[in-house]
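Content type compact mmCIF, C-alpha atoms, from the file my_file_27.txt:
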```txt
# COMPACT_ATOMS: atom_id res chain seq x y z
CA MET A 1 -11.85 23.74 -16.75
CA SER A 2 -10.73 27.09 -15.42
CA VAL A 3 -8.93 26.73 -12.13
CA GLN A 4 -7.64 29.64 -10.08
CA LYS A 5 -4.25 29.27 -8.47
CA THR A 6 -5.65 30.39 -5.13
CA GLU A 7 -8.14 27.51 -5.15
CA ILE A 8 -5.28 25.03 -5.26
CA TYR A 9 -3.47 26.78 -2.40
CA LYS A 10 -6.66 26.62 -0.34
CA GLU A 11 -7.05 22.93 -1.12
CA ILE A 12 -3.45 22.21 -0.08
CA ALA A 13 -3.93 24.21 3.12
CA ARG A 14 -7.08 22.25 3.93
CA LEU A 15 -5.45 18.88 3.27
CA THR A 16 -2.34 19.67 5.30
CA HIS A 17 -4.27 21.37 8.14
CA ARG A 18 -2.14 24.48 7.72
CA LYS A 19 -2.99 28.16 7.54
CA LEU A 20 -3.37 29.43 3.99
CA GLU A 21 -0.64 32.06 4.42
CA THR A 22 1.92 29.32 5.15
CA ILE A 23 1.33 27.68 1.76
CA GLN A 24 3.99 29.54 -0.21
CA ASP A 25 5.47 28.67 -3.59
CA ASP A 26 8.97 28.13 -2.24
CA VAL A 27 7.95 25.69 0.51
CA PRO A 28 9.50 22.27 -0.21
CA LEU A 29 6.87 19.51 -0.37
CA ARG A 30 8.92 17.39 2.04
CA ASN A 31 8.52 20.16 4.65
CA LEU A 32 4.79 20.35 4.04
CA VAL A 33 3.96 16.77 4.99
CA ALA A 34 5.58 14.42 7.43
CA GLU A 35 4.69 11.20 5.63
CA SER A 36 4.72 10.11 2.00
CA PHE A 37 1.22 8.69 2.47
CA VAL A 38 -0.12 12.19 3.17
CA LEU A 39 1.46 13.50 -0.03
CA ILE A 40 -0.18 10.64 -1.97
CA GLU A 41 -3.52 11.63 -0.45
CA ILE A 42 -2.95 15.24 -1.53
CA MET A 43 -2.11 14.12 -5.07
CA ILE A 44 -5.23 11.96 -5.31
CA GLU A 45 -7.44 14.67 -3.82
CA LEU A 46 -6.15 17.31 -6.25
CA GLN A 47 -6.75 14.98 -9.20
CA GLU A 48 -10.23 14.09 -7.98
CA THR A 49 -11.08 17.75 -7.38
CA TYR A 50 -9.81 19.10 -10.70
CA GLY A 51 -10.48 16.05 -12.89
CA VAL A 52 -6.90 15.65 -14.06
CA ILE A 53 -4.46 12.73 -14.17
CA ILE A 54 -0.92 13.17 -12.87
CA GLN A 55 1.54 10.37 -13.49
CA GLN A 56 4.65 9.40 -11.58
CA GLN A 57 6.86 10.73 -14.38
CA ASP A 58 5.14 14.13 -14.13
CA MET A 59 6.47 14.41 -10.59
CA LEU A 60 10.10 14.31 -11.68
CA GLY A 61 11.57 17.66 -10.67
CA ILE A 62 8.54 18.65 -8.59
CA GLN A 63 10.10 19.87 -5.34
CA THR A 64 8.03 22.75 -4.02
CA VAL A 65 4.44 23.87 -3.55
CA GLY A 66 4.88 26.23 -6.52
CA ASP A 67 6.05 23.37 -8.74
CA LEU A 68 3.01 21.28 -7.73
CA VAL A 69 0.54 24.11 -8.28
CA GLN A 70 2.00 24.81 -11.73
CA LEU A 71 1.75 21.10 -12.59
CA VAL A 72 -1.92 20.94 -11.63
CA LEU A 73 -2.65 24.16 -13.55
CA SER A 74 -0.87 22.83 -16.64
CA LYS A 75 -3.03 19.69 -16.55
CA THR A 76 -6.25 21.66 -16.32
CA HIS A 77 -5.52 23.80 -19.40
CA MET B 1 19.69 -16.74 23.45
CA THR B 2 18.58 -20.36 23.04
CA GLN B 3 17.17 -21.62 19.75
CA LYS B 4 13.70 -21.91 21.29
CA SER B 5 13.71 -18.38 22.65
CA PHE B 6 15.10 -17.08 19.34
CA GLN B 7 12.20 -18.75 17.52
CA GLU B 8 9.73 -17.23 19.96
CA ASP B 9 11.36 -13.85 19.48
CA SER B 10 11.21 -14.28 15.69
CA GLN B 11 7.58 -15.35 15.93
CA ARG B 12 6.75 -12.24 17.94
CA TRP B 13 8.64 -10.07 15.48
CA ILE B 14 6.99 -11.46 12.33
CA LEU B 15 3.46 -11.31 13.75
CA SER B 16 4.15 -7.72 14.84
CA PHE B 17 5.50 -6.98 11.36
CA TYR B 18 2.25 -8.32 9.84
CA ARG B 19 0.26 -6.23 12.31
CA SER B 20 2.17 -3.03 11.49
CA SER B 21 1.77 -3.61 7.75
CA GLU B 22 -1.99 -4.08 8.19
CA ILE B 23 -2.20 -0.90 10.29
CA ASN B 24 -0.29 1.07 7.65
CA GLY B 25 -2.56 -0.35 4.95
CA ALA B 26 -5.64 0.63 6.94
CA LEU B 27 -4.42 4.19 7.54
CA PHE B 28 -3.51 4.57 3.87
CA PHE B 29 -6.80 3.20 2.52
CA GLY B 30 -8.70 5.23 5.10
CA ARG B 31 -7.14 8.40 3.72
CA LEU B 32 -7.88 7.39 0.14
CA SER B 33 -11.46 6.47 1.03
CA ARG B 34 -11.97 10.09 2.04
CA SER B 35 -10.69 11.38 -1.29
CA ILE B 36 -12.05 9.02 -3.93
CA ARG B 37 -15.25 10.11 -5.64
CA ASP B 38 -15.81 7.33 -8.18
CA SER B 39 -18.68 5.36 -6.65
CA ARG B 40 -17.56 2.15 -8.40
CA ILE B 41 -14.26 2.25 -6.49
CA GLN B 42 -15.40 4.05 -3.35
CA ALA B 43 -17.35 1.12 -1.87
CA ASP B 44 -14.64 -1.51 -2.45
CA LEU B 45 -11.87 0.82 -1.29
CA THR B 46 -13.75 1.54 1.92
CA LYS B 47 -14.36 -2.20 2.48
CA HIS B 48 -10.64 -2.78 1.89
CA PHE B 49 -9.87 -0.12 4.52
CA ALA B 50 -12.21 -1.85 6.97
CA ASP B 51 -10.60 -5.26 6.27
CA GLU B 52 -7.08 -3.97 6.89
CA SER B 53 -8.19 -2.51 10.22
CA GLN B 54 -9.81 -5.81 11.11
CA HIS B 55 -6.64 -7.70 10.17
CA ALA B 56 -4.56 -5.46 12.43
CA TRP B 57 -6.96 -6.39 15.22
CA TYR B 58 -6.72 -10.12 14.36
CA TRP B 59 -2.92 -10.00 14.61
CA THR B 60 -3.05 -8.06 17.86
CA LYS B 61 -5.46 -10.61 19.29
CA CYS B 62 -3.38 -13.49 17.93
CA LEU B 63 -0.26 -12.12 19.66
CA ASN B 64 -2.17 -11.60 22.90
CA ASP B 65 -3.66 -15.12 22.74
CA LEU B 66 -0.12 -16.44 22.40
CA GLY B 67 0.79 -14.51 25.53
CA LEU B 68 2.81 -11.97 23.56
CA GLN B 69 2.66 -8.21 23.21
CA ALA B 70 3.05 -6.59 19.80
CA ILE B 71 6.32 -4.83 19.08
CA ASN B 72 5.96 -1.38 17.54
CA ILE B 73 7.58 -1.71 14.14
CA HIS B 74 7.81 1.57 12.26
CA GLU B 75 9.61 0.42 9.11
CA THR B 76 7.04 -1.58 7.17
CA TYR B 77 7.03 -3.37 3.84
CA GLN B 78 5.01 -0.51 2.31
CA ASP B 79 7.74 1.99 3.28
CA GLN B 80 10.31 -0.15 1.48
CA TYR B 81 8.08 -0.18 -1.63
CA LEU B 82 7.90 3.61 -1.68
CA ALA B 83 11.67 3.85 -1.22
CA SER B 84 12.19 1.47 -4.12
CA ILE B 85 9.64 2.56 -6.71
CA GLY B 86 8.91 6.12 -5.68
CA MET B 87 5.59 7.61 -4.74
CA PRO B 88 2.50 6.52 -6.69
CA THR B 89 0.73 9.68 -7.79
CA ASN B 90 -2.64 8.64 -9.16
CA MET B 91 -5.33 6.10 -8.35
CA MET B 92 -4.21 3.66 -11.06
CA GLU B 93 -0.65 3.64 -9.69
CA VAL B 94 -1.98 3.22 -6.15
CA LEU B 95 -4.11 0.24 -7.18
CA ALA B 96 -1.27 -1.27 -9.22
CA ILE B 97 1.06 -1.16 -6.23
CA THR B 98 -1.76 -2.54 -4.09
CA GLN B 99 -2.23 -5.46 -6.47
CA VAL B 100 1.48 -6.32 -6.32
CA PHE B 101 1.59 -5.88 -2.55
CA GLU B 102 -1.51 -8.01 -1.92
CA ARG B 103 -0.07 -10.84 -4.00
CA ARG B 104 3.13 -10.67 -1.97
CA VAL B 105 1.13 -10.70 1.28
CA ILE B 106 -0.98 -13.69 0.32
CA GLY B 107 2.17 -15.51 -0.84
CA GLN B 108 3.93 -14.75 2.44
CA TYR B 109 0.91 -15.79 4.51
CA GLY B 110 0.68 -18.97 2.43
CA VAL B 111 4.32 -19.83 3.20
CA HIS B 112 3.69 -19.19 6.89
CA ARG B 113 0.53 -21.32 6.82
CA HIS B 114 2.50 -24.33 5.56
CA VAL B 115 5.04 -24.27 8.39
CA GLU B 116 5.06 -27.62 10.18
CA ASN B 117 3.45 -27.76 13.62
CA LEU B 118 2.10 -24.24 13.21
CA ASN B 119 0.29 -23.03 16.30
CA PRO B 120 -3.48 -23.34 15.64
CA ILE B 121 -4.07 -19.76 16.78
CA VAL B 122 -1.69 -18.47 14.10
CA ALA B 123 -3.10 -20.93 11.53
CA GLN B 124 -6.66 -19.77 12.11
CA THR B 125 -5.67 -16.11 11.91
CA LEU B 126 -3.84 -16.72 8.62
CA ASP B 127 -6.83 -18.65 7.19
CA THR B 128 -9.26 -15.86 8.08
CA ILE B 129 -7.09 -13.09 6.66
CA MET B 130 -6.18 -14.97 3.47
CA GLU B 131 -9.86 -15.27 2.56
CA ASP B 132 -10.14 -11.46 2.62
CA GLU B 133 -6.87 -11.06 0.72
CA LYS B 134 -8.26 -13.12 -2.18
CA TRP B 135 -11.12 -10.67 -2.48
CA HIS B 136 -8.68 -7.71 -2.30
CA ILE B 137 -6.80 -9.05 -5.31
CA LYS B 138 -10.06 -9.57 -7.22
CA TRP B 139 -11.57 -6.14 -6.64
CA VAL B 140 -8.31 -4.34 -7.40
CA ASN B 141 -7.89 -6.38 -10.58
CA ASP B 142 -11.46 -5.50 -11.64
CA ALA B 143 -10.87 -1.82 -10.86
CA LEU B 144 -7.67 -1.75 -12.91
CA LYS B 145 -9.53 -3.27 -15.87
CA MET B 146 -12.19 -0.59 -15.49
CA MET B 147 -9.48 2.09 -15.56
CA GLU B 148 -8.17 0.97 -18.96
CA SER B 149 -10.39 3.53 -20.66
CA ASP B 150 -8.74 6.38 -18.72
CA TYR B 151 -5.14 5.19 -18.50
CA SER B 152 -4.81 2.64 -21.38
CA LYS B 153 -4.15 -1.08 -20.96
CA GLU B 154 -0.54 -0.64 -22.07
CA LEU B 155 0.24 1.89 -19.35
CA ILE B 156 -1.44 -0.22 -16.66
CA ASP B 157 0.41 -3.36 -17.78
CA SER B 158 3.78 -1.60 -17.89
CA THR B 159 3.15 -0.05 -14.46
CA LEU B 160 2.33 -3.48 -13.01
CA ARG B 161 5.46 -4.97 -14.61
CA ARG B 162 7.63 -2.22 -13.11
CA TYR B 163 6.10 -2.72 -9.67
CA TYR B 164 6.47 -6.53 -9.82
CA GLU B 165 10.17 -6.09 -10.57
CA ALA B 166 10.51 -3.71 -7.63
CA ASP B 167 8.66 -6.18 -5.42
CA GLN B 168 11.23 -8.87 -6.19
CA GLU B 169 14.02 -6.53 -5.12
CA VAL B 170 12.25 -5.41 -1.95
CA TYR B 171 11.46 -8.98 -0.92
CA ALA B 172 15.04 -10.09 -1.59
CA LYS B 173 16.27 -7.18 0.54
CA THR B 174 13.88 -8.15 3.34
CA LEU B 175 15.14 -11.73 3.26
CA VAL B 176 18.73 -10.52 3.54
CA GLU B 177 17.95 -8.09 6.37
CA HIS B 178 15.89 -10.58 8.36
CA GLY B 179 17.37 -13.82 7.00
CA GLU B 180 18.11 -15.40 10.37
CA ARG B 181 14.59 -14.77 11.64
CA MET B 182 12.98 -15.95 8.41
CA THR B 183 15.06 -19.12 8.36
CA SER B 184 14.20 -19.91 11.93
CA LEU B 185 10.49 -19.53 11.12
CA PHE B 186 10.16 -20.77 7.56
CA GLY B 187 13.23 -22.96 7.14
CA ASN B 188 13.28 -26.72 7.62
CA THR B 189 13.15 -26.36 11.35
CA ALA B 190 9.66 -26.91 12.70
CA LEU B 191 8.13 -23.87 14.36
CA LYS B 192 7.90 -24.37 18.09
CA LEU B 193 5.54 -22.06 19.85
CA ARG B 194 4.04 -21.81 23.26
```
Translate this file's structure into structure tokens.
Amino acid sequence: MSVQKTEIYKEIARLTHRKLETIQDDVPLRNLVAESFVLIEIMIELQETYGVIIQQQDMLGIQTVGDLVQLVLSKTH
Amino acid sequence: MTQKSFQEDSQRWILSFYRSSEINGALFFGRLSRSIRDSRIQADLTKHFADESQHAWYWTKCLNDLGLQAINIHETYQDQYLASIGMPTNMMEVLAITQVFERRVIGQYGVHRHVENLNPIVAQTLDTIMEDEKWHIKWVNDALKMMESDYSKELIDSTLRRYYEADQEVYAKTLVEHGERMTSLFGNTALKLR
């Protein structure tokens, strides 16, 4: 499945109710969402949308939007 | 504070704690119900969301019928789970943690139900909710079995084991933090309510 990076940014912007231009690679995930439950929803939504499975251990070291986008991309290739 | 008023205060606190946990569960499952696409899980997950909302209402009504107002409790059992085991990241991990949590809830409600001289309003609320909780455990168990083809039985079993171990720690921590309240409600002393 070929996934464009910009699609993932758009999806994150939609899920966090933020403007697309604010979804930058260096934004820490903890600044993006106020509650852990929202981040879980984002993770599930991304997996459902792109047909990938991300496990808890994959999230080790994932700190920023850029890290998360790269992780999703790596799972789709 | 007299022993009687402490018990009433503890009663109000624990019922509010149940209510807050049900609200958090409802909000969480509501969010997931929007995301999940697998039709085999979607229906049960949405029913689970509806049940948790209903349970929050039952506890609110129970408190009101006892002449009490719910306390807003922001730190719930689910928050302590996330702090202990980290964030579940996929649907299997979410359902595994749900399975462990639901078993803890039904166990806790069962302990509460067996308190001597339990107020009938609380008893009836517990009975009603526990019936739903049994179904929650069943559907989640069925869903996890169905997921074995995607995640493998070994991974699901090891995830459940890890979460059960964390649950023991979280529950022990809760007992330490709220020991006095728990003892006054579930110890040998009979529960005296209004």
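Checking B:Ser16, B:Ala43, B:Thr60, B:Asn90 one by one against chain A, counting all atoms listed in the file, you find the shortest gap at B:Asn90.
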Exercise. Which residues come within 7 Å of region 61-74 of chain B, counting all atoms listed in the file, excluding same-chain residues fewer than 2 positions away, as a list in words?
Worked result: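 Returned residues: Arg12, Trp13, Ser16, Phe17, Ser20, Trp57, Tyr58, Trp59, Thr76, Ile121, Val122, Thr125 and Arg194 of chain B.
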Using only C-alpha atoms, which residues of chain A come within 6 Å of chain B, and what is the closest atom pair for each, with the distance in Å to one decimal? Give it as CSV, sorted by chain and residue number.
```
residue,atom,partner,partner_atom,distance
A:Ile40,CA,B:Thr89,CA,6.0
A:Met43,CA,B:Thr89,CA,5.9
A:Ile44,CA,B:Asn90,CA,5.7
A:Glu45,CA,B:Ser35,CA,5.3
A:Gln55,CA,B:Thr89,CA,5.8
A:Gln56,CA,B:Thr89,CA,5.5
```
For this session: Compute the distance from (9.9, -13.2, 14.6) to each atom, counting all atoms listed in the file, keep the residues with any atom at most 12 Å away, and return them as a PyMOL selection string; use the coordinates of the file.
Result: chain B and resi 4-18+63+68+70-71+73+112+178-186+191-193
Seminar exercise, completed: In Å and to one decimal, CA of Val176 (chain B) is distant from CA of Ala56 (chain B) by 25.4 Å
Problem set entry | Residues near Ala123 (chain B), cut-off 10 Å, only C-alpha atoms, skip fewer than 2 positions along chain, as a list in words |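 The contact residues come out as Cys62, Tyr109, His112, Arg113, His114, Val115, Asn117, Leu118, Asn119, Pro120, Ile121, Thr125, Leu126, Asp127 and Thr128 of chain B.
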Exercise. So, counting all atoms listed in the file, which residue among A:Ile53, A:Leu60, A:Val65, A:Leu15 is closest to Glu41 (chain A)?
Worked result: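 For Glu41 (chain A), the nearest of the given residues is A:Leu15.
With all atoms listed in the file as the atoms that count, the residue of A:Ile12, A:Ile54, A:Val3, A:Val27 with the shortest distance to Asp67 (chain A) is A:Val27.
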Problem set entry | Point-to-point distance from CA of Lys138 (chain B) to CA of Ile23 (chain B), Å rounded to tenths | 21.1 Å
For this session: Rounded to one decimal place, report the CA of Val38 (chain A)-CA of Ala50 (chain B) distance in Å.
Result: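 Value for the CA of Val38 (chain A)-CA of Ala50 (chain B) distance: 18.9 Å.
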For this session: Neighbourhood query: residues within 10 Å of (-1.5, 20.3, -15.3), file coordinates, counting all atoms listed in the file; return as an MDAnalysis selection string.
Result: chainID A and resid 47 50 52:54 58 68:77
For this session: Identify, on the basis of only C-alpha atoms, every residue whose closest approach to region 96-102 of chain B does not exceed 7 Å; exclude the query and any residue fewer than 3 positions from it along the same chain; express the result as an MDAnalysis selection string.
Result: chainID B and resid 92:93 105:106 133 137 140 159:160 163:164
Problem set entry | Nearest-residue call for His17 (chain A), choices A:Phe37, A:Lys5, A:Ile42, A:Gln57, using all atoms listed in the file | A:Ile42
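The protein and nucleic acid residues lying at most 12 Å from Arg14 (chain A) are A:Glu7, A:Ile8, A:Tyr9, A:Lys19, A:Leu20, A:Glu21, A:Thr22, A:Ile23, A:Ile42, A:Glu45, A:Leu46, with only C-alpha atoms considered and sequence neighbours fewer than 5 positions away removed.
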For this session: Considering all atoms listed in the file, state which residue in the set B:Tyr77, B:Asp142, B:Glu116, B:Asp157 is at the smallest distance from Ala172 (chain B).
Result: B:Tyr77
Would you mind completing region 22-34 of chain A to N, CA and C atoms and writing the output as a PDB file, in the frame of the given file?
```pdb
ATOM      1  N   THR A  22       0.657  30.088   5.067  1.00  0.00           N
ATOM      2  CA  THR A  22       1.920  29.320   5.150  1.00  0.00           C
ATOM      3  C   THR A  22       2.173  28.501   3.879  1.00  0.00           C
ATOM      4  N   ILE A  23       1.164  28.452   3.004  1.00  0.00           N
ATOM      5  CA  ILE A  23       1.330  27.680   1.760  1.00  0.00           C
ATOM      6  C   ILE A  23       1.944  28.601   0.701  1.00  0.00           C
ATOM      7  N   GLN A  24       3.251  28.656   0.700  1.00  0.00           N
ATOM      8  CA  GLN A  24       3.990  29.540  -0.210  1.00  0.00           C
ATOM      9  C   GLN A  24       4.664  28.711  -1.308  1.00  0.00           C
ATOM     10  N   ASP A  25       4.873  29.361  -2.435  1.00  0.00           N
ATOM     11  CA  ASP A  25       5.470  28.670  -3.590  1.00  0.00           C
ATOM     12  C   ASP A  25       6.812  27.999  -3.293  1.00  0.00           C
ATOM     13  N   ASP A  26       7.609  28.655  -2.444  1.00  0.00           N
ATOM     14  CA  ASP A  26       8.970  28.130  -2.240  1.00  0.00           C
ATOM     15  C   ASP A  26       9.054  27.076  -1.131  1.00  0.00           C
ATOM     16  N   VAL A  27       7.921  26.698  -0.559  1.00  0.00           N
ATOM     17  CA  VAL A  27       7.950  25.690   0.510  1.00  0.00           C
ATOM     18  C   VAL A  27       8.192  24.307  -0.104  1.00  0.00           C
ATOM     19  N   PRO A  28       9.263  23.615   0.320  1.00  0.00           N
ATOM     20  CA  PRO A  28       9.500  22.270  -0.210  1.00  0.00           C
ATOM     21  C   PRO A  28       8.369  21.323   0.221  1.00  0.00           C
ATOM     22  N   LEU A  29       7.965  20.442  -0.687  1.00  0.00           N
ATOM     23  CA  LEU A  29       6.870  19.510  -0.370  1.00  0.00           C
ATOM     24  C   LEU A  29       7.228  18.626   0.823  1.00  0.00           C
ATOM     25  N   ARG A  30       8.514  18.283   0.927  1.00  0.00           N
ATOM     26  CA  ARG A  30       8.920  17.390   2.040  1.00  0.00           C
ATOM     27  C   ARG A  30       8.759  18.082   3.394  1.00  0.00           C
ATOM     28  N   ASN A  31       8.729  19.430   3.391  1.00  0.00           N
ATOM     29  CA  ASN A  31       8.520  20.160   4.650  1.00  0.00           C
ATOM     30  C   ASN A  31       7.026  20.318   4.957  1.00  0.00           C
ATOM     31  N   LEU A  32       6.233  20.132   3.911  1.00  0.00           N
ATOM     32  CA  LEU A  32       4.790  20.350   4.040  1.00  0.00           C
ATOM     33  C   LEU A  32       4.110  19.172   4.730  1.00  0.00           C
ATOM     34  N   VAL A  33       4.591  17.970   4.441  1.00  0.00           N
ATOM     35  CA  VAL A  33       3.960  16.770   4.990  1.00  0.00           C
ATOM     36  C   VAL A  33       5.021  15.868   5.622  1.00  0.00           C
ATOM     37  N   ALA A  34       4.619  15.257   6.706  1.00  0.00           N
ATOM     38  CA  ALA A  34       5.580  14.420   7.430  1.00  0.00           C
ATOM     39  C   ALA A  34       5.724  13.047   6.794  1.00  0.00           C
TER      40      ALA A  34
END
```
